[in-house]
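Here is the file target_38.cif (mmCIF, C-alpha atoms and all ligand atoms).
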```cif
data_protein
loop_
_atom_site.group_PDB
_atom_site.id
_atom_site.type_symbol
_atom_site.label_atom_id
_atom_site.label_comp_id
_atom_site.auth_asym_id
_atom_site.auth_seq_id
_atom_site.Cartn_x
_atom_site.Cartn_y
_atom_site.Cartn_z
ATOM 1 C CA MET A 1 73.509 97.428 116.079
ATOM 2 C CA ARG A 2 70.871 97.636 118.791
ATOM 3 C CA HIS A 3 72.529 96.513 121.993
ATOM 4 C CA ALA A 4 70.519 96.465 125.254
ATOM 5 C CA LEU A 5 71.499 95.834 128.854
ATOM 6 C CA TYR A 6 69.127 93.897 131.109
ATOM 7 C CA PRO A 7 70.294 94.732 134.636
ATOM 8 C CA GLY A 8 69.054 93.061 137.793
ATOM 9 C CA THR A 9 69.837 91.112 140.920
ATOM 10 C CA PHE A 10 68.674 87.697 139.639
ATOM 11 C CA ASP A 11 68.811 86.183 143.137
ATOM 12 C CA PRO A 12 67.827 83.653 141.932
ATOM 13 C CA LEU A 13 67.009 83.459 138.256
ATOM 14 C CA THR A 14 63.318 82.644 137.625
ATOM 15 C CA PHE A 15 61.216 81.724 134.589
ATOM 16 C CA GLY A 16 60.035 85.360 134.671
ATOM 17 C CA HIS A 17 63.593 86.566 134.018
ATOM 18 C CA LEU A 18 64.069 83.957 131.276
ATOM 19 C CA ASP A 19 60.791 85.008 129.648
ATOM 20 C CA LEU A 20 62.061 88.586 129.548
ATOM 21 C CA ILE A 21 65.478 87.567 128.229
ATOM 22 C CA GLU A 22 63.871 85.668 125.341
ATOM 23 C CA ARG A 23 61.723 88.684 124.469
ATOM 24 C CA GLY A 24 64.736 91.012 124.718
ATOM 25 C CA ALA A 25 66.802 88.728 122.501
ATOM 26 C CA ARG A 26 64.109 89.038 119.822
ATOM 27 C CA LEU A 27 63.793 92.816 120.172
ATOM 28 C CA PHE A 28 67.506 93.671 120.116
ATOM 29 C CA ASP A 29 70.476 92.556 118.033
ATOM 30 C CA ARG A 30 72.423 91.897 121.198
ATOM 31 C CA LEU A 31 71.331 91.584 124.831
ATOM 32 C CA THR A 32 73.713 91.706 127.766
ATOM 33 C CA VAL A 33 72.288 90.429 131.041
ATOM 34 C CA GLY A 34 74.016 92.342 133.836
ATOM 35 C CA VAL A 35 74.146 90.942 137.358
ATOM 36 C CA ALA A 36 74.390 93.902 139.727
ATOM 37 C CA THR A 37 76.998 93.380 142.430
ATOM 38 C CA ASN A 38 76.341 96.454 144.530
ATOM 39 C CA SER A 39 72.699 95.909 145.381
ATOM 40 C CA GLN A 40 71.603 96.973 148.833
ATOM 41 C CA LYS A 41 69.909 93.620 149.198
ATOM 42 C CA THR A 42 72.002 90.830 150.747
ATOM 43 C CA PRO A 43 71.926 88.151 148.061
ATOM 44 C CA LEU A 44 71.616 84.430 148.653
ATOM 45 C CA PHE A 45 74.031 83.691 145.791
ATOM 46 C CA THR A 46 77.342 85.358 144.926
ATOM 47 C CA ALA A 47 77.534 87.352 141.710
ATOM 48 C CA ASP A 48 79.631 84.569 140.135
ATOM 49 C CA GLU A 49 77.020 81.976 141.051
ATOM 50 C CA ARG A 50 74.235 84.120 139.583
ATOM 51 C CA VAL A 51 76.224 84.717 136.398
ATOM 52 C CA ALA A 52 76.846 80.963 136.058
ATOM 53 C CA MET A 53 73.124 80.169 136.484
ATOM 54 C CA LEU A 54 72.162 82.751 133.873
ATOM 55 C CA ALA A 55 74.890 81.660 131.452
ATOM 56 C CA ARG A 56 73.751 78.037 131.713
ATOM 57 C CA HIS A 57 70.138 78.899 130.934
ATOM 58 C CA THR A 58 70.814 81.372 128.118
ATOM 59 C CA ALA A 59 73.456 79.285 126.323
ATOM 60 C CA SER A 60 71.055 78.519 123.464
ATOM 61 C CA LEU A 61 70.474 82.216 122.727
ATOM 62 C CA ALA A 62 73.325 83.257 120.428
ATOM 63 C CA ASN A 63 72.925 87.028 120.904
ATOM 64 C CA VAL A 64 72.767 86.956 124.718
ATOM 65 C CA ASP A 65 75.764 87.301 127.023
ATOM 66 C CA VAL A 66 75.977 87.528 130.813
ATOM 67 C CA VAL A 67 78.255 89.744 132.901
ATOM 68 C CA SER A 68 78.445 91.111 136.422
ATOM 69 C CA PHE A 69 78.972 94.782 137.048
ATOM 70 C CA GLY A 70 79.250 97.281 139.889
ATOM 71 C CA GLY A 71 78.543 100.996 139.983
ATOM 72 C CA LEU A 72 75.878 102.843 138.070
ATOM 73 C CA VAL A 73 73.874 100.901 135.501
ATOM 74 C CA VAL A 74 74.055 103.799 133.029
ATOM 75 C CA ASP A 75 77.852 104.008 133.356
ATOM 76 C CA TYR A 76 78.148 100.358 132.439
ATOM 77 C CA ALA A 77 75.672 100.848 129.573
ATOM 78 C CA ARG A 78 77.514 103.839 128.136
ATOM 79 C CA LYS A 79 80.972 102.269 128.383
ATOM 80 C CA ASN A 80 79.755 99.130 126.647
ATOM 81 C CA GLY A 81 77.718 100.732 123.881
ATOM 82 C CA CYS A 82 74.280 99.735 125.218
ATOM 83 C CA GLY A 83 71.711 102.266 123.995
ATOM 84 C CA ALA A 84 68.842 100.790 125.958
ATOM 85 C CA LEU A 85 68.053 99.230 129.302
ATOM 86 C CA LEU A 86 65.560 96.379 129.396
ATOM 87 C CA ARG A 87 63.322 96.065 132.454
ATOM 88 C CA GLY A 88 60.242 94.035 133.261
ATOM 89 C CA LEU A 89 56.877 95.342 134.393
ATOM 90 C CA ARG A 90 54.732 93.041 136.460
ATOM 91 C CA THR A 91 52.482 95.134 138.646
ATOM 92 C CA VAL A 92 51.459 98.706 139.306
ATOM 93 C CA THR A 93 53.946 98.733 142.167
ATOM 94 C CA ASP A 94 56.709 97.832 139.705
ATOM 95 C CA PHE A 95 55.584 100.720 137.551
ATOM 96 C CA GLU A 96 56.105 103.327 140.262
ATOM 97 C CA ASN A 97 59.615 102.174 141.104
ATOM 98 C CA GLU A 98 60.607 101.560 137.512
ATOM 99 C CA TYR A 99 59.268 104.917 136.329
ATOM 100 C CA GLN A 100 61.335 106.719 138.943
ATOM 101 C CA MET A 101 64.421 104.688 138.118
ATOM 102 C CA ALA A 102 64.016 105.141 134.356
ATOM 103 C CA LEU A 103 63.736 108.911 134.623
ATOM 104 C CA THR A 104 66.694 109.075 137.011
ATOM 105 C CA ASN A 105 68.793 106.964 134.675
ATOM 106 C CA ARG A 106 67.855 109.146 131.724
ATOM 107 C CA ALA A 107 68.741 112.280 133.670
ATOM 108 C CA LEU A 108 72.149 110.743 134.383
ATOM 109 C CA GLU A 109 72.657 109.503 130.825
ATOM 110 C CA PRO A 110 70.328 111.074 128.224
ATOM 111 C CA ASP A 111 71.453 108.694 125.484
ATOM 112 C CA VAL A 112 70.263 105.588 127.322
ATOM 113 C CA ASP A 113 66.520 104.886 127.343
ATOM 114 C CA THR A 114 64.648 102.212 129.266
ATOM 115 C CA VAL A 115 62.445 99.751 127.419
ATOM 116 C CA PHE A 116 59.759 97.938 129.422
ATOM 117 C CA VAL A 117 58.498 94.512 128.541
ATOM 118 C CA MET A 118 55.620 92.582 130.105
ATOM 119 C CA PRO A 119 56.181 88.899 130.852
ATOM 120 C CA SER A 120 53.778 86.109 129.915
ATOM 121 C CA GLN A 121 50.753 86.279 132.151
ATOM 122 C CA GLU A 122 51.724 83.089 133.968
ATOM 123 C CA TYR A 123 54.884 84.792 135.279
ATOM 124 C CA ALA A 124 53.378 88.184 135.996
ATOM 125 C CA PHE A 125 53.284 87.615 139.747
ATOM 126 C CA LEU A 126 56.692 85.944 140.085
ATOM 127 C CA SER A 127 59.486 87.484 142.079
ATOM 128 C CA SER A 128 62.760 86.082 143.379
ATOM 129 C CA SER A 129 61.993 87.239 146.905
ATOM 130 C CA LEU A 130 58.582 85.542 146.964
ATOM 131 C CA ILE A 131 60.116 82.307 145.682
ATOM 132 C CA LYS A 132 62.744 82.408 148.443
ATOM 133 C CA GLU A 133 60.002 82.960 151.002
ATOM 134 C CA VAL A 134 58.031 79.946 149.715
ATOM 135 C CA ILE A 135 61.105 77.684 149.754
ATOM 136 C CA ARG A 136 62.337 78.954 153.123
ATOM 137 C CA ASN A 137 59.007 77.918 154.623
ATOM 138 C CA GLY A 138 58.976 74.466 153.091
ATOM 139 C CA GLY A 139 56.836 75.125 150.006
ATOM 140 C CA ASP A 140 57.372 73.812 146.492
ATOM 141 C CA ALA A 141 58.442 76.530 144.046
ATOM 142 C CA SER A 142 59.775 74.177 141.387
ATOM 143 C CA ARG A 143 57.266 75.279 138.721
ATOM 144 C CA TRP A 144 58.669 78.832 138.759
ATOM 145 C CA LEU A 145 62.386 78.277 138.239
ATOM 146 C CA PRO A 146 64.774 75.877 136.479
ATOM 147 C CA ALA A 147 65.298 72.583 138.354
ATOM 148 C CA ASP A 148 69.007 73.132 139.110
ATOM 149 C CA VAL A 149 68.295 76.641 140.400
ATOM 150 C CA ASN A 150 65.439 75.341 142.551
ATOM 151 C CA ASP A 151 67.767 72.661 143.995
ATOM 152 C CA ALA A 152 70.421 75.273 144.743
ATOM 153 C CA VAL A 153 67.933 77.528 146.563
ATOM 154 C CA VAL A 154 66.535 74.600 148.554
ATOM 155 C CA ALA A 155 70.070 73.512 149.521
ATOM 156 C CA ARG A 156 70.999 77.003 150.650
ATOM 157 C CA LEU A 157 67.812 77.868 152.526
ATOM 158 C CA ARG A 158 66.989 74.561 154.149
ATOM 159 C CA THR A 159 70.435 73.287 155.138
ATOM 160 C CA PRO A 160 70.542 73.397 158.925
HETATM 161 P P1 LIG B 201 66.153 94.200 140.760
HETATM 162 O O1 LIG B 201 66.703 94.024 142.142
HETATM 163 O O2 LIG B 201 66.967 95.084 139.888
HETATM 164 O O3 LIG B 201 64.680 94.511 140.704
HETATM 165 P P2 LIG B 201 65.389 91.573 139.884
HETATM 166 O O4 LIG B 201 66.237 90.393 139.597
HETATM 167 O O5 LIG B 201 64.399 91.430 140.991
HETATM 168 O O6 LIG B 201 66.375 92.759 140.125
HETATM 169 O O7 LIG B 201 64.623 92.024 138.574
HETATM 170 C C1 LIG B 201 65.319 92.442 137.440
HETATM 171 C C2 LIG B 201 64.328 92.917 136.410
HETATM 172 O O8 LIG B 201 63.555 91.811 135.991
HETATM 173 C C3 LIG B 201 63.319 93.967 136.907
HETATM 174 O O9 LIG B 201 63.038 94.856 135.857
HETATM 175 C C4 LIG B 201 62.101 93.167 137.226
HETATM 176 O O10 LIG B 201 60.920 93.942 137.077
HETATM 177 C C5 LIG B 201 62.190 92.107 136.160
HETATM 178 N N1 LIG B 201 61.502 90.885 136.557
HETATM 179 C C6 LIG B 201 61.713 90.111 137.624
HETATM 180 N N2 LIG B 201 60.834 89.085 137.688
HETATM 181 C C7 LIG B 201 60.020 89.245 136.614
HETATM 182 C C8 LIG B 201 58.873 88.556 136.116
HETATM 183 N N3 LIG B 201 58.353 87.515 136.754
HETATM 184 N N4 LIG B 201 58.314 89.021 134.996
HETATM 185 C C9 LIG B 201 58.821 90.104 134.365
HETATM 186 N N5 LIG B 201 59.847 90.813 134.786
HETATM 187 C C10 LIG B 201 60.454 90.396 135.895
#
```
Written as structure tokens, how would this file's structure read?
Amino acid sequence: MRHALYPGTFDPLTFGHLDLIERGARLFDRLTVGVATNSQKTPLFTADERVAMLARHTASLANVDVVSFGGLVVDYARKNGCGALLRGLRTVTDFENEYQMALTNRALEPDVDTVFVMPSQEYAFLSSSLIKEVIRNGGDASRWLPADVNDAVVARLRTP
């Protein structure tokens, strides 16, 4: 069985992430979406909140499950039988970071390879941090993320 891990911060979940999850679910027999808990970024949502958002929006995909994990991505992958990591490529800047990370992860765990997938063009510029910046400054980001997630970000960033 081809089992992949899609690790990330997902703070918050966007249509770009969901686009990638749908592609991953078609490419692999099983896809585990892993919410990283030890990111150096200070997240807006707790890991449990991010897991709940992802679980809600992937419920219709039978071969997708959502977990949170700490520590090294490759350790989690190895212990859970994931032979591949799924990551998204949006821009050339992504490529530099992702290339470095993929080679580091493979050096740490030679049996785990990284598979890169490009999102639909309409989501190729989307990032969680940009969305938070738009909402924080009063803009409307509702076309880029699910309505309940948008409401949750607005509530958290605009509540005085
Ligand atoms: P991280 O902090 O690990 O980068 P993110 O939640 O920002 O976590 O992203 C997780 C993964 O999803 C990364 O591989 C990133 O490139 C990818 N990703 C994020 N947004 C998009 C998007 N709009 N299109 C395609 N891939 C994306």
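Reported to one decimal place, the separation of atom N5 of ligand LIG 201 (chain B) from CA of Phe69 in chain A is 19.7 Å.
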Contact residues around Leu89 in chain A with all atoms listed in the file at 8 Å, ignoring same-chain residues under 4 positions, as a PyMOL selection string: chain A and resi 94-95+98+116-119
For C-alpha atoms, I'd like the residues from the last selection saved as a tab-separated table (two decimals), in the frame of the given file.
```
chain	number	residue	atom	x	y	z
A	94	ASP	CA	56.71	97.83	139.71
A	95	PHE	CA	55.58	100.72	137.55
A	98	GLU	CA	60.61	101.56	137.51
A	116	PHE	CA	59.76	97.94	129.42
A	117	VAL	CA	58.50	94.51	128.54
A	118	MET	CA	55.62	92.58	130.10
A	119	PRO	CA	56.18	88.90	130.85
```
Wanna dump the chain A-ligand LIG 201 (chain B) contacts at 8 Å for me, each residue with its shortest atom pair and the distance in Å to one decimal, counting only C-alpha atoms and all ligand atoms, ordered by chain and number, as JSON lines?
```
{"residue": "A:Tyr6", "atom": "CA", "partner": "B:LIG201", "partner_atom": "C2", "distance": 7.2}
{"residue": "A:Pro7", "atom": "CA", "partner": "B:LIG201", "partner_atom": "C1", "distance": 6.2}
{"residue": "A:Gly8", "atom": "CA", "partner": "B:LIG201", "partner_atom": "O6", "distance": 3.6}
{"residue": "A:Thr9", "atom": "CA", "partner": "B:LIG201", "partner_atom": "O4", "distance": 3.9}
{"residue": "A:Phe10", "atom": "CA", "partner": "B:LIG201", "partner_atom": "O4", "distance": 3.6}
{"residue": "A:Asp11", "atom": "CA", "partner": "B:LIG201", "partner_atom": "O4", "distance": 6.1}
{"residue": "A:Pro12", "atom": "CA", "partner": "B:LIG201", "partner_atom": "O4", "distance": 7.3}
{"residue": "A:Leu13", "atom": "CA", "partner": "B:LIG201", "partner_atom": "O4", "distance": 7.1}
{"residue": "A:Thr14", "atom": "CA", "partner": "B:LIG201", "partner_atom": "N2", "distance": 6.9}
{"residue": "A:Phe15", "atom": "CA", "partner": "B:LIG201", "partner_atom": "N3", "distance": 6.8}
{"residue": "A:Gly16", "atom": "CA", "partner": "B:LIG201", "partner_atom": "N3", "distance": 3.4}
{"residue": "A:His17", "atom": "CA", "partner": "B:LIG201", "partner_atom": "C7", "distance": 5.2}
{"residue": "A:Asp19", "atom": "CA", "partner": "B:LIG201", "partner_atom": "N4", "distance": 7.1}
{"residue": "A:Leu20", "atom": "CA", "partner": "B:LIG201", "partner_atom": "C9", "distance": 6.0}
{"residue": "A:Ala36", "atom": "CA", "partner": "B:LIG201", "partner_atom": "O2", "distance": 7.5}
{"residue": "A:Ser39", "atom": "CA", "partner": "B:LIG201", "partner_atom": "O1", "distance": 7.1}
{"residue": "A:Lys41", "atom": "CA", "partner": "B:LIG201", "partner_atom": "O1", "distance": 7.8}
{"residue": "A:Leu86", "atom": "CA", "partner": "B:LIG201", "partner_atom": "O9", "distance": 7.1}
{"residue": "A:Arg87", "atom": "CA", "partner": "B:LIG201", "partner_atom": "O9", "distance": 3.6}
{"residue": "A:Gly88", "atom": "CA", "partner": "B:LIG201", "partner_atom": "N5", "distance": 3.6}
{"residue": "A:Leu89", "atom": "CA", "partner": "B:LIG201", "partner_atom": "O10", "distance": 5.1}
{"residue": "A:Arg90", "atom": "CA", "partner": "B:LIG201", "partner_atom": "C9", "distance": 5.5}
{"residue": "A:Asp94", "atom": "CA", "partner": "B:LIG201", "partner_atom": "O10", "distance": 6.3}
{"residue": "A:Glu98", "atom": "CA", "partner": "B:LIG201", "partner_atom": "O9", "distance": 7.3}
{"residue": "A:Phe116", "atom": "CA", "partner": "B:LIG201", "partner_atom": "O9", "distance": 7.9}
{"residue": "A:Val117", "atom": "CA", "partner": "B:LIG201", "partner_atom": "C9", "distance": 7.3}
{"residue": "A:Met118", "atom": "CA", "partner": "B:LIG201", "partner_atom": "C9", "distance": 5.9}
{"residue": "A:Pro119", "atom": "CA", "partner": "B:LIG201", "partner_atom": "C9", "distance": 4.6}
{"residue": "A:Ser120", "atom": "CA", "partner": "B:LIG201", "partner_atom": "N4", "distance": 7.4}
{"residue": "A:Tyr123", "atom": "CA", "partner": "B:LIG201", "partner_atom": "N3", "distance": 4.7}
{"residue": "A:Ala124", "atom": "CA", "partner": "B:LIG201", "partner_atom": "N3", "distance": 5.1}
{"residue": "A:Phe125", "atom": "CA", "partner": "B:LIG201", "partner_atom": "N3", "distance": 5.9}
{"residue": "A:Leu126", "atom": "CA", "partner": "B:LIG201", "partner_atom": "N3", "distance": 4.0}
{"residue": "A:Ser127", "atom": "CA", "partner": "B:LIG201", "partner_atom": "N2", "distance": 4.9}
{"residue": "A:Ser128", "atom": "CA", "partner": "B:LIG201", "partner_atom": "O5", "distance": 6.1}
{"residue": "A:Ser129", "atom": "CA", "partner": "B:LIG201", "partner_atom": "O5", "distance": 7.6}
```
Find, counting all atoms listed in the file, the residue in A:Val149, A:Leu5, A:Ala62, A:Leu44 that gets nearest to Val112 in chain A.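 Nearest candidate to Val112 in chain A out of A:Val149, A:Leu5, A:Ala62, A:Leu44: A:Leu5.
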Quick one: pull the distance between CA of Arg23 in chain A and CA of Leu145 in chain A, Å, one decimal.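 We find that CA of Arg23 in chain A and CA of Leu145 in chain A lie 17.3 Å from each other.
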Given the file above and the PyMOL selection byres (((chain A and resi 2) around 9) and not hetatm), which residues are selected, and can you give them as a PyMOL selection string? chain A and resi 1+3-4+27-31+82-84
Expected file: the selected residues, C-alpha atoms, as a compact mmCIF listing (two decimals), in the coordinates of the input:
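again.txt, freshly written:
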```
# COMPACT_ATOMS: atom_id res chain seq x y z
CA MET A 1 73.51 97.43 116.08
CA HIS A 3 72.53 96.51 121.99
CA ALA A 4 70.52 96.46 125.25
CA LEU A 27 63.79 92.82 120.17
CA PHE A 28 67.51 93.67 120.12
CA ASP A 29 70.48 92.56 118.03
CA ARG A 30 72.42 91.90 121.20
CA LEU A 31 71.33 91.58 124.83
CA CYS A 82 74.28 99.74 125.22
CA GLY A 83 71.71 102.27 124.00
CA ALA A 84 68.84 100.79 125.96
```
Out of A:Asp75, A:Asp48, A:Asp65, A:Asp148, which residue has the shortest atom-to-atom distance to Ala25 in chain A when counting only C-alpha atoms?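 The closest residue to Ala25 in chain A is A:Asp65.
Closest approach to Arg26 in chain A among A:Arg106, A:Glu96, A:Ala52, A:Val64: A:Val64, based on only C-alpha atoms.
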Written as number ranges by chain, which residues does the PyMOL selection byres (((chain A and resi 54) around 9) and not hetatm) give for the file shown? A: 10, 13, 18, 33, 49-53, 55-59, 65-66
Evaluate the PyMOL selection byres (((chain A and resi 70) around 8) and not hetatm) and record the selected residues as a PyMOL selection string, following the chain and residue labels used in the document. chain A and resi 36-38+68-69+71-73
